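Everything below concerns the one structure shown next.
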Amino acid sequence: MNNIVIIMVRLFFILLLDTNVVKYLINECNCNIMTCDKYGNTILHYAASKGSLDVMKYLINTHHYNVMVTNNNGRTIFHSAVKHIDVIKYLIHQSNCDVMTPDRYGNTILHDAASIGLLDVMKYLINTHHCKVMVANNYGQTVLHRAVKHIDVVKYLIKECNCDITVTDKDGRTPLYIAASLGTPEVVEYFLSTGNCDPLAKDNEGRTPLQLAKERGYDSYTVIAIFKKFGNIKISHPIDSYVNVLLVGNPGAGKSTLSHVINDTATGPFVLGSFRNVGGVVPCTAGIIPYKIQHRTLGNVILHDFAGHSEYYSSHSAVIENLLQGSGGMFLILVNILEKEAVKQLHQWLTVVRNDAQK
């Protein structure tokens with residue numbers, strides 16, 4: 001009898017594509033629909049993984065199968081259905097499955113889709129159901145960490161979803177580290193080409209992405225060559241170098257407000273000091289205040305907040321000239337468009353910038 005039951009269970013799982021077979025095993029052979037294999041997978045897990053939507057509908061609608069049942073790793077039917085977008089849609093719309101349900105390791109279906117490279121599934125979950133792309137699993141890994149074997153998914157997450165490629169997991173590793181160890185050479189090169197990944201950075205164990213690349217298999221030489229190419233670029237143009245950003249404009253144009261916003265959203269602002277302060281003036285900023293900022297979006301910058309009052313213009317000109325003769329910089333000119341002479345003010349500041357740049 002036990003042998004018959006074992007045979008029936010195996011048939012139960014193997015012949016899932018045929019709803020009639022499933023009905024026969026349940027109705028005529030009295031097979032227990034909650035029977036699971038040694039990994040805790042039920043018939044519904046198998047049906048979902050094979051995309052057998054008709055079988056799933058029969059089990060759920062006729063036998064009221066619990067769609068949130070989990071296997072030994074805490075994976076639901078939803079996780080098993082990751083390769084079949086029609087099953088996913090059914091489970092969401094008809095069975096009210098939670099798209100952000102994690103498994104035992106904290107992986108959502110979005111983590112699974114990224115690791116397999118199922119871009120169409122990811123776009124559906126993100127665009128239609130607003131799945132959070134920066135959600136981390138129990139190891140601190142985001143969806144981008146899991147996508148390192150699929151260049152199309154990586155580009156989509158960075159370009160379309162604005163994923164932060166500098167975020168680290170619990171081991172202090174960015175997606176570049178994972179790509180160096182497990183990802184494709186194309187993904188490694190793409191990460192490095194953004195200019196936001198430091199090939200010489202160290203994780204919590206003091207290891208660099210290059211060290212992980214050396215432990216790869218057959219294509220380690222290819223990946224190492226990519227790291228060396230970008231390593232040479234880093235020597236000439238250090239990633240941690242700072243760009244001067246000069247914030248200028250008339251009083252009340254909003255320079256201080258913008259400066260505060262940039263500082264508040266930075267990862268590490270440091271006030272370096274202030275320059276000349278003219279007595280008898282109550283400026284928005286005291287002379288020129290430079291902030292050394294490590295900003296996730298702007299990168300590493302020194303923000304020079306120039307007071308807009310005319311009393312400061314002579315010192316401004318000297319400072320601007322010195323900055324431009326050194327490493328150069330970028331100007332942000334702010335004007336209040338509600339003022340009558342906004343265009344005139346803009347022209348005046350453009351003239352100042354042009355004259356100082358030509359000295």
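Labels for the structure tokens follow display order: chains A, B, ..., residues from 1 in each chain, ligands from 1.
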Checklist entry - If you count only C-alpha atoms, which residues fall within 6 Å of stretch 250-260 of chain A, apart from same-chain ones fewer than 4 positions away, as a VMD selection string? => result chain A and resid 264 308 334 to 336
Checklist entry - Quick one: DSSP helix (DSSP H, G or I) residues in stretch 78-194 of chain A, as a PyMOL selection string? => result chain A and resi 78-80+85-93+109-116+119-129+143-146+151-159+175-182+185-193
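For the set A:Gly183, A:Pro175, A:Gly74, A:Gly206, the residue with the smallest atom-to-atom gap to A:Thr108 is A:Gly74, counting only C-alpha atoms.
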Checklist entry - What is the distance, in Å and to one decimal place, between atom CA of A:Asn244 and atom CA of A:Lys202? => result 26.7 Å
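Distance annotation: of A:Tyr65, A:Tyr218, A:Tyr90, A:Tyr58, the residue with the minimal separation from A:Asp18 is A:Tyr58; atom set is only C-alpha atoms.
Atom CA of A:Leu53 is found 22.0 Å from atom CA of A:Glu28.
If you look at atom CA of A:Leu110 and atom CA of A:Val133, they are 7.7 Å away from each other.
Within 12 Å of A:His130, once only C-alpha atoms are used and residues closer than 6 positions along the same chain are dropped, the contacting residues are Asp98, Val99, Met100, Leu110, Met122, Lys123, Tyr124 and Cys161 of chain A.
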How about saving the chosen residues, N, CA and C atoms kept, as a PDB file, in the first residue's frame?
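This went into out04.pdb:
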ATOM      1  N   ASP A  98       0.497  38.909  -1.798  1.00  0.00           N
ATOM      2  CA  ASP A  98       1.316  40.081  -1.501  1.00  0.00           C
ATOM      3  C   ASP A  98       2.609  40.001  -2.306  1.00  0.00           C
ATOM      4  N   VAL A  99       2.831  40.979  -3.182  1.00  0.00           N
ATOM      5  CA  VAL A  99       3.992  40.937  -4.074  1.00  0.00           C
ATOM      6  C   VAL A  99       5.310  41.096  -3.328  1.00  0.00           C
ATOM      7  N   MET A 100       5.268  41.598  -2.103  1.00  0.00           N
ATOM      8  CA  MET A 100       6.501  41.824  -1.350  1.00  0.00           C
ATOM      9  C   MET A 100       6.760  40.743  -0.296  1.00  0.00           C
ATOM     10  N   LEU A 110      10.793  39.737  -6.605  1.00  0.00           N
ATOM     11  CA  LEU A 110      11.599  40.650  -7.419  1.00  0.00           C
ATOM     12  C   LEU A 110      13.078  40.265  -7.356  1.00  0.00           C
ATOM     13  N   MET A 122       9.893  41.694 -14.054  1.00  0.00           N
ATOM     14  CA  MET A 122      10.312  42.799 -13.198  1.00  0.00           C
ATOM     15  C   MET A 122       9.593  44.093 -13.570  1.00  0.00           C
ATOM     16  N   LYS A 123       9.515  44.376 -14.864  1.00  0.00           N
ATOM     17  CA  LYS A 123       8.842  45.600 -15.300  1.00  0.00           C
ATOM     18  C   LYS A 123       7.374  45.588 -14.883  1.00  0.00           C
ATOM     19  N   TYR A 124       6.743  44.431 -14.988  1.00  0.00           N
ATOM     20  CA  TYR A 124       5.334  44.325 -14.584  1.00  0.00           C
ATOM     21  C   TYR A 124       5.181  44.594 -13.091  1.00  0.00           C
ATOM     22  N   CYS A 161      15.117  52.823 -13.008  1.00  0.00           N
ATOM     23  CA  CYS A 161      14.645  52.768 -11.616  1.00  0.00           C
ATOM     24  C   CYS A 161      15.540  53.546 -10.657  1.00  0.00           C
TER      25      CYS A 161
END
Distance query A:Asn72 at most 8 Å, only C-alpha atoms, self and fewer than 5 positions along chain excluded, as a compact mmCIF listing (two decimals) with N, CA and C atoms, in the first residue's frame:
# COMPACT_ATOMS: atom_id res chain seq x y z
N TYR A 39 11.32 18.65 0.37
CA TYR A 39 11.69 20.06 0.49
C TYR A 39 10.51 20.93 0.92
N GLY A 40 9.38 20.28 1.15
CA GLY A 40 8.20 21.02 1.59
C GLY A 40 7.36 21.58 0.47
N ASN A 41 7.69 21.25 -0.78
CA ASN A 41 6.92 21.74 -1.91
C ASN A 41 5.63 20.95 -2.08
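The nearest approach to A:Val261 among the residues A:Thr35, A:Phe78, A:Asn107, A:Ile293, with only C-alpha atoms taken into account, belongs to A:Ile293.
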